[in-house]
Amino acid sequence: MSGDTTTTGAGAPAASPDTPERSWPLWEVFVRGKRGLSHVHVGSLHAPDAEMALRNGRDLYTRRQEGVSIWVVRADDITASSPDEKDSFFDPAADKIYRHPTFYDVPEDVEYL
Amino acid sequence: MYGNDVIDPDERPSVDPTVPLNAAETEAYDTALAHDDQREQVGSDFDALIAADQRIEPRDAMPDTYRETLIRQIAQHAHSEIIGMQPEGNWITRAPSLRRKAILIAKVQDEAGHGLYLYSAAETLGIDRAELLDRLHSGKQKYSSIFNYPTLTWADCGAIGWLVDGAAIMNQVPLCRCSYGPYARAMIRVCKEESFHQRQGFEILWNLMHGTESQRAMAQDAANRWWWPALAMFGPPDTGEAAKGGHTEQSMAWGIKRFSNDDLRQKFVDMTVPQAQKLGLTLPDPDLRWNDERGHWDFGEVDWDEFWRVLRGDGPCNAERIEHRRRAHEDGAWVREAATAYAAKQASKHKESAA
């Protein structure tokens, strides 16, 4: 549902595998709203396998035609950057302002530049 | 009673006759959608984030009591959604037309979906859904006591949509601005779907009120029975004297709750009375009258003894609801086991063919 953290709460303690529900893996669901848009994370669900995750994802997240395509991904298979390391992790981009067009001085009267 | 919330008394709107019937898509909802993320400036300290009205996300540090409060509230909310499937599910086979049957199935399916969004949100706090279901089944966690009342006639499906979902919307719209991100986002999704629920209920009653004498009597009887339990849904009084010692204050400080129970109840009465008038229904409260000075409807006292009695298990349907829920869960065990076994078999086949 959000940007950098998925709804799985990757920091959450693991559940004890006492019952079938507990052993069903968690899947993250991504929906493409319409052709031309990218898939966006909409939430998560439990399912025994990918096919069931896809069907449950359809029933849970697209009951009102919210999508034309769904991806499901095992939450365990997602590797996420850590919010704690956000600064150092993204730091290399911070001082490269020459990557932006506004960095350059050009005469004002030049068109299409 | 589930979620709750706060408005600044200065911002409290007076009754506006132009307010649309659709209570879910109000300004408050739009505000929640337009949430301004200032995390960059505020940093990651819990108190600073709360003070700046920012969202707390699953991986943020948070006090244990905040986490526990949220788990309890979100779980109770989720339980209410899935137990809430029963009173109306009771009427699916007897809905008076194919149109009504299709609508009712869609609504009950939505309630299941709302439960799942909420269990997902609770799981981000580090608790397993199966554990929460255990707590529901064992009676350790509660659900909204409104669902312990029976649906005796078809008109009850109308009254539930109109009054119960109407009250739920009042409660849930401010929760779209709850400080806990996954809960707030689940609420936005729920509210978006909720307005059809309220409107279909109103429509059921509208049609009955334009029907025969006995249909009108049936609608009035349903309104009589659901009005007070709907007012009780907002929870016990928590303003003035009653504010002391309750958990409203702490929940408000944390930005989980945004309005007091009493404010929301008043808002609900102000919204609903004109709708009842439009329907031609008489709400069963002799003290109900417009107060020009306050700019609100005055109304009588909810029977809080009954509220606590029902919450503690002694309502007309408590045993039946939990028993039905447990049985459905147990009867479904073989399906879950079969799905797990099938998944394991497919996975091992896949491995073999890859080898």
# chains A, B, ... in the order shown; residues from 1 in each chain; ligands from 1

call {"tool": "residues_around", "arguments": {"residues": "Ile92 in chain B", "least_positions_apart": "5", "cutoff": "12 Å", "atoms": "only C-alpha atoms", "output": "list in words"}}
result
Met85, Gln86, Pro87, Ser97, Leu98, Arg99, Arg100, Lys101, Ala102, Ile103, Leu104, Ile105, Ala106, Lys107, Val108, Gln109, Thr151, Trp154 and Cys157 of chain B

call {"tool": "write_last_selection", "arguments": {"atoms": "N, CA, C and O atoms", "output": "CSV table (one decimal), in the first residue's frame"}}
result
chain,number,residue,atom,x,y,z
B,85,MET,N,-20.6,-10.3,8.5
B,85,MET,CA,-21.1,-11.0,7.3
B,85,MET,C,-22.4,-11.8,7.7
B,85,MET,O,-23.2,-12.1,6.8
B,86,GLN,N,-22.5,-12.2,9.0
B,86,GLN,CA,-23.5,-13.1,9.3
B,86,GLN,C,-25.0,-12.6,9.3
B,86,GLN,O,-25.9,-13.2,8.8
B,87,PRO,N,-25.2,-11.4,10.0
B,87,PRO,CA,-26.6,-11.0,10.0
B,87,PRO,C,-27.2,-10.8,8.6
B,87,PRO,O,-28.4,-11.2,8.4
B,97,SER,N,-35.6,-10.4,-4.4
B,97,SER,CA,-35.5,-10.5,-5.9
B,97,SER,C,-34.1,-10.8,-6.2
B,97,SER,O,-33.2,-10.8,-5.4
B,98,LEU,N,-33.9,-11.1,-7.5
B,98,LEU,CA,-32.5,-11.5,-7.9
B,98,LEU,C,-31.6,-10.3,-7.8
B,98,LEU,O,-30.5,-10.4,-7.4
B,99,ARG,N,-32.2,-9.1,-8.1
B,99,ARG,CA,-31.4,-7.9,-7.9
B,99,ARG,C,-30.9,-7.7,-6.5
B,99,ARG,O,-29.7,-7.5,-6.2
B,100,ARG,N,-31.8,-7.9,-5.5
B,100,ARG,CA,-31.4,-7.8,-4.1
B,100,ARG,C,-30.5,-8.8,-3.7
B,100,ARG,O,-29.6,-8.6,-2.9
B,101,LYS,N,-30.6,-10.0,-4.2
B,101,LYS,CA,-29.7,-11.1,-3.9
B,101,LYS,C,-28.3,-10.8,-4.3
B,101,LYS,O,-27.4,-11.0,-3.6
B,102,ALA,N,-28.2,-10.3,-5.6
B,102,ALA,CA,-26.9,-10.0,-6.1
B,102,ALA,C,-26.2,-8.9,-5.3
B,102,ALA,O,-25.0,-9.0,-5.0
B,103,ILE,N,-27.0,-7.9,-5.0
B,103,ILE,CA,-26.5,-6.8,-4.2
B,103,ILE,C,-26.0,-7.3,-2.8
B,103,ILE,O,-24.9,-7.0,-2.3
B,104,LEU,N,-26.8,-8.1,-2.2
B,104,LEU,CA,-26.5,-8.6,-0.9
B,104,LEU,C,-25.2,-9.5,-0.9
B,104,LEU,O,-24.4,-9.4,0.0
B,105,ILE,N,-25.1,-10.3,-1.9
B,105,ILE,CA,-23.9,-11.2,-2.0
B,105,ILE,C,-22.7,-10.3,-2.1
B,105,ILE,O,-21.7,-10.5,-1.5
B,106,ALA,N,-22.8,-9.2,-3.0
B,106,ALA,CA,-21.7,-8.3,-3.2
B,106,ALA,C,-21.3,-7.6,-1.9
B,106,ALA,O,-20.1,-7.4,-1.6
B,107,LYS,N,-22.3,-7.2,-1.1
B,107,LYS,CA,-22.0,-6.5,0.1
B,107,LYS,C,-21.4,-7.4,1.1
B,107,LYS,O,-20.4,-7.0,1.7
B,108,VAL,N,-21.9,-8.6,1.3
B,108,VAL,CA,-21.3,-9.6,2.2
B,108,VAL,C,-19.9,-9.9,1.8
B,108,VAL,O,-19.0,-10.0,2.6
B,109,GLN,N,-19.6,-10.0,0.5
B,109,GLN,CA,-18.3,-10.3,0.0
B,109,GLN,C,-17.3,-9.1,0.3
B,109,GLN,O,-16.2,-9.3,0.7
B,151,THR,N,-31.3,-10.4,12.7
B,151,THR,CA,-32.0,-9.9,11.5
B,151,THR,C,-33.3,-10.6,11.3
B,151,THR,O,-33.3,-11.7,10.7
B,154,TRP,N,-36.8,-8.8,6.4
B,154,TRP,CA,-36.0,-8.3,5.3
B,154,TRP,C,-35.7,-6.8,5.5
B,154,TRP,O,-34.6,-6.3,5.2
B,157,CYS,N,-32.2,-5.8,6.8
B,157,CYS,CA,-31.1,-5.6,5.9
B,157,CYS,C,-31.0,-4.2,5.5
B,157,CYS,O,-29.9,-3.6,5.3

call {"tool": "select_by_dssp", "arguments": {"residues": "range 60-295 of chain B", "states": "helix (DSSP H, G or I)", "output": "PyMOL selection string"}}
result
chain B and resi 64-83+85-89+92-94+98-123+129-137+145-148+154-175+181-209+213-232+240-243+248-253+261-279

call {"tool": "closest_atom_pairs", "arguments": {"of": "chain A", "to": "range 186-202 of chain B", "cutoff": "10 Å", "atoms": "only C-alpha atoms", "output": "JSON lines"}}
result
{"residue": "A:Met1", "atom": "CA", "partner": "B:Ala186", "partner_atom": "CA", "distance": 8.4}
{"residue": "A:Val42", "atom": "CA", "partner": "B:Ala186", "partner_atom": "CA", "distance": 9.8}
{"residue": "A:Gly43", "atom": "CA", "partner": "B:Ala186", "partner_atom": "CA", "distance": 8.9}
{"residue": "A:Tyr61", "atom": "CA", "partner": "B:Arg189", "partner_atom": "CA", "distance": 9.5}
{"residue": "A:Arg63", "atom": "CA", "partner": "B:Glu193", "partner_atom": "CA", "distance": 9.8}
{"residue": "A:Arg64", "atom": "CA", "partner": "B:Glu193", "partner_atom": "CA", "distance": 9.0}

call {"tool": "write_last_selection", "arguments": {"atoms": "N, CA, C and O atoms", "output": "mmCIF file, in the first residue's frame"}}
result
data_model
loop_
_atom_site.group_PDB
_atom_site.id
_atom_site.type_symbol
_atom_site.label_atom_id
_atom_site.label_comp_id
_atom_site.auth_asym_id
_atom_site.auth_seq_id
_atom_site.Cartn_x
_atom_site.Cartn_y
_atom_site.Cartn_z
ATOM 1 N N MET A 1 0.816 -1.195 0.000
ATOM 2 C CA MET A 1 0.000 0.000 0.000
ATOM 3 C C MET A 1 0.855 1.252 0.000
ATOM 4 O O MET A 1 0.428 2.307 -0.424
ATOM 5 N N VAL A 42 -0.727 -2.888 -3.968
ATOM 6 C CA VAL A 42 -2.015 -2.552 -3.370
ATOM 7 C C VAL A 42 -2.231 -3.206 -1.997
ATOM 8 O O VAL A 42 -3.106 -2.783 -1.250
ATOM 9 N N GLY A 43 -1.463 -4.232 -1.681
ATOM 10 C CA GLY A 43 -1.665 -4.877 -0.392
ATOM 11 C C GLY A 43 -1.104 -6.288 -0.413
ATOM 12 O O GLY A 43 -0.342 -6.642 -1.317
ATOM 13 N N TYR A 61 -8.759 -7.434 -4.395
ATOM 14 C CA TYR A 61 -8.318 -6.082 -4.766
ATOM 15 C C TYR A 61 -8.908 -5.539 -6.070
ATOM 16 O O TYR A 61 -8.652 -4.405 -6.432
ATOM 17 N N ARG A 63 -12.438 -6.017 -7.080
ATOM 18 C CA ARG A 63 -13.881 -6.292 -7.156
ATOM 19 C C ARG A 63 -14.637 -5.214 -7.942
ATOM 20 O O ARG A 63 -15.762 -5.419 -8.355
ATOM 21 N N ARG A 64 -14.005 -4.063 -8.096
ATOM 22 C CA ARG A 64 -14.682 -2.977 -8.819
ATOM 23 C C ARG A 64 -13.872 -2.534 -10.032
ATOM 24 O O ARG A 64 -13.700 -1.354 -10.278
#

call {"tool": "closest_atom_pairs", "arguments": {"of": "chain B", "to": "chain A", "cutoff": "6 Å", "atoms": "only C-alpha atoms", "output": "Markdown table"}}
result
| residue | atom | partner | partner_atom | distance |
| --- | --- | --- | --- | --- |
| B:Pro58 | CA | A:Gly9 | CA | 5.1 |
| B:Arg59 | CA | A:Gly11 | CA | 5.9 |
| B:Gly113 | CA | A:Leu60 | CA | 5.7 |
| B:Thr124 | CA | A:Gly9 | CA | 4.5 |
| B:Gly126 | CA | A:Ala12 | CA | 4.4 |
| B:Asp128 | CA | A:Ala15 | CA | 5.9 |
| B:Thr340 | CA | A:Pro48 | CA | 5.4 |
| B:Ala343 | CA | A:Asp49 | CA | 5.5 |

call {"tool": "residues_around", "arguments": {"residues": "Leu54 in chain A", "least_positions_apart": "3", "cutoff": "8 Å", "atoms": "only C-alpha atoms", "output": "ChimeraX atom specification"}}
result
/A:50-51,57-58,70-72

call {"tool": "select_by_dssp", "arguments": {"residues": "range 169-341 of chain B", "states": "strand (DSSP E)", "output": "PyMOL selection string"}}
result
chain B and resi 289-291+296-298

call {"tool": "residues_around", "arguments": {"residues": "range 308-325 of chain B", "least_positions_apart": "4", "cutoff": "12 Å", "atoms": "only C-alpha atoms", "output": "PyMOL selection string"}}
result
chain B and resi 1-2+79-80+82-87+89-90+133-152+229+232-233+235-236+302-304+329-332

call {"tool": "write_last_selection", "arguments": {"atoms": "C-alpha atoms", "output": "PDB file, in the first residue's frame"}}
result
ATOM      1  CA  MET B   1     -17.139  -1.116  18.941  1.00  0.00           C
ATOM      2  CA  TYR B   2     -14.237  -0.683  16.656  1.00  0.00           C
ATOM      3  CA  HIS B  79     -13.368  -9.332  13.622  1.00  0.00           C
ATOM      4  CA  SER B  80     -16.349  -6.981  13.341  1.00  0.00           C
ATOM      5  CA  ILE B  82     -16.161 -10.834   9.290  1.00  0.00           C
ATOM      6  CA  ILE B  83     -18.723 -11.420  12.040  1.00  0.00           C
ATOM      7  CA  GLY B  84     -20.712  -8.673  10.327  1.00  0.00           C
ATOM      8  CA  MET B  85     -21.139 -10.990   7.341  1.00  0.00           C
ATOM      9  CA  GLN B  86     -23.545 -13.147   9.334  1.00  0.00           C
ATOM     10  CA  PRO B  87     -26.614 -10.984  10.031  1.00  0.00           C
ATOM     11  CA  GLY B  89     -25.669 -13.459   5.085  1.00  0.00           C
ATOM     12  CA  ASN B  90     -28.715 -14.841   6.869  1.00  0.00           C
ATOM     13  CA  LEU B 133      -8.650 -15.636  14.686  1.00  0.00           C
ATOM     14  CA  ASP B 134      -7.810 -17.862  17.651  1.00  0.00           C
ATOM     15  CA  ARG B 135      -8.380 -14.911  19.945  1.00  0.00           C
ATOM     16  CA  LEU B 136     -11.735 -14.221  18.316  1.00  0.00           C
ATOM     17  CA  HIS B 137     -12.823 -17.843  18.532  1.00  0.00           C
ATOM     18  CA  SER B 138     -11.769 -18.162  22.156  1.00  0.00           C
ATOM     19  CA  GLY B 139     -13.539 -14.944  23.105  1.00  0.00           C
ATOM     20  CA  LYS B 140     -10.308 -13.197  24.120  1.00  0.00           C
ATOM     21  CA  GLN B 141     -10.967 -10.469  21.581  1.00  0.00           C
ATOM     22  CA  LYS B 142     -14.276  -8.802  20.883  1.00  0.00           C
ATOM     23  CA  TYR B 143     -16.151  -7.541  17.873  1.00  0.00           C
ATOM     24  CA  SER B 144     -18.705  -4.780  17.590  1.00  0.00           C
ATOM     25  CA  SER B 145     -21.685  -5.680  19.743  1.00  0.00           C
ATOM     26  CA  ILE B 146     -24.091  -4.466  17.042  1.00  0.00           C
ATOM     27  CA  PHE B 147     -23.724  -7.841  15.319  1.00  0.00           C
ATOM     28  CA  ASN B 148     -25.199  -9.625  18.302  1.00  0.00           C
ATOM     29  CA  TYR B 149     -28.650  -8.424  17.315  1.00  0.00           C
ATOM     30  CA  PRO B 150     -30.782 -10.621  15.041  1.00  0.00           C
ATOM     31  CA  THR B 151     -32.031  -9.856  11.521  1.00  0.00           C
ATOM     32  CA  LEU B 152     -35.670 -10.835  11.907  1.00  0.00           C
ATOM     33  CA  PRO B 229     -27.852  -0.261  18.984  1.00  0.00           C
ATOM     34  CA  ALA B 232     -24.276   2.522  20.949  1.00  0.00           C
ATOM     35  CA  MET B 233     -21.790   1.529  18.217  1.00  0.00           C
ATOM     36  CA  GLY B 235     -18.927   3.465  22.314  1.00  0.00           C
ATOM     37  CA  PRO B 236     -19.615   4.767  25.807  1.00  0.00           C
ATOM     38  CA  VAL B 302     -28.377   5.147  25.195  1.00  0.00           C
ATOM     39  CA  ASP B 303     -29.046   2.216  27.510  1.00  0.00           C
ATOM     40  CA  TRP B 304     -25.435   1.600  28.513  1.00  0.00           C
ATOM     41  CA  HIS B 329     -13.527 -22.226  10.367  1.00  0.00           C
ATOM     42  CA  GLU B 330     -13.430 -25.878  11.414  1.00  0.00           C
ATOM     43  CA  ASP B 331     -15.504 -27.035   8.447  1.00  0.00           C
ATOM     44  CA  GLY B 332     -13.053 -25.254   6.178  1.00  0.00           C
TER      45      GLY B 332
END

call {"tool": "closest_residue", "arguments": {"among": "B:Ala32, B:Arg177, B:Met170, B:Glu301", "to": "Asp263 in chain B", "atoms": "only C-alpha atoms"}}
result
B:Met170

call {"tool": "residues_around", "arguments": {"residues": "Ala75 in chain A", "least_positions_apart": "2", "cutoff": "8 Å", "atoms": "only C-alpha atoms", "output": "ChimeraX atom specification"}}
result
/A:8,25-28,73,77-78

call {"tool": "atom_distance", "arguments": {"atom1": "CA of Phe259 in chain B", "atom2": "CA of His247 in chain B"}}
result
12.5 Å

call {"tool": "atom_distance", "arguments": {"atom1": "CA of Asp262 in chain B", "atom2": "CA of Cys176 in chain B"}}
result
18.9 Å
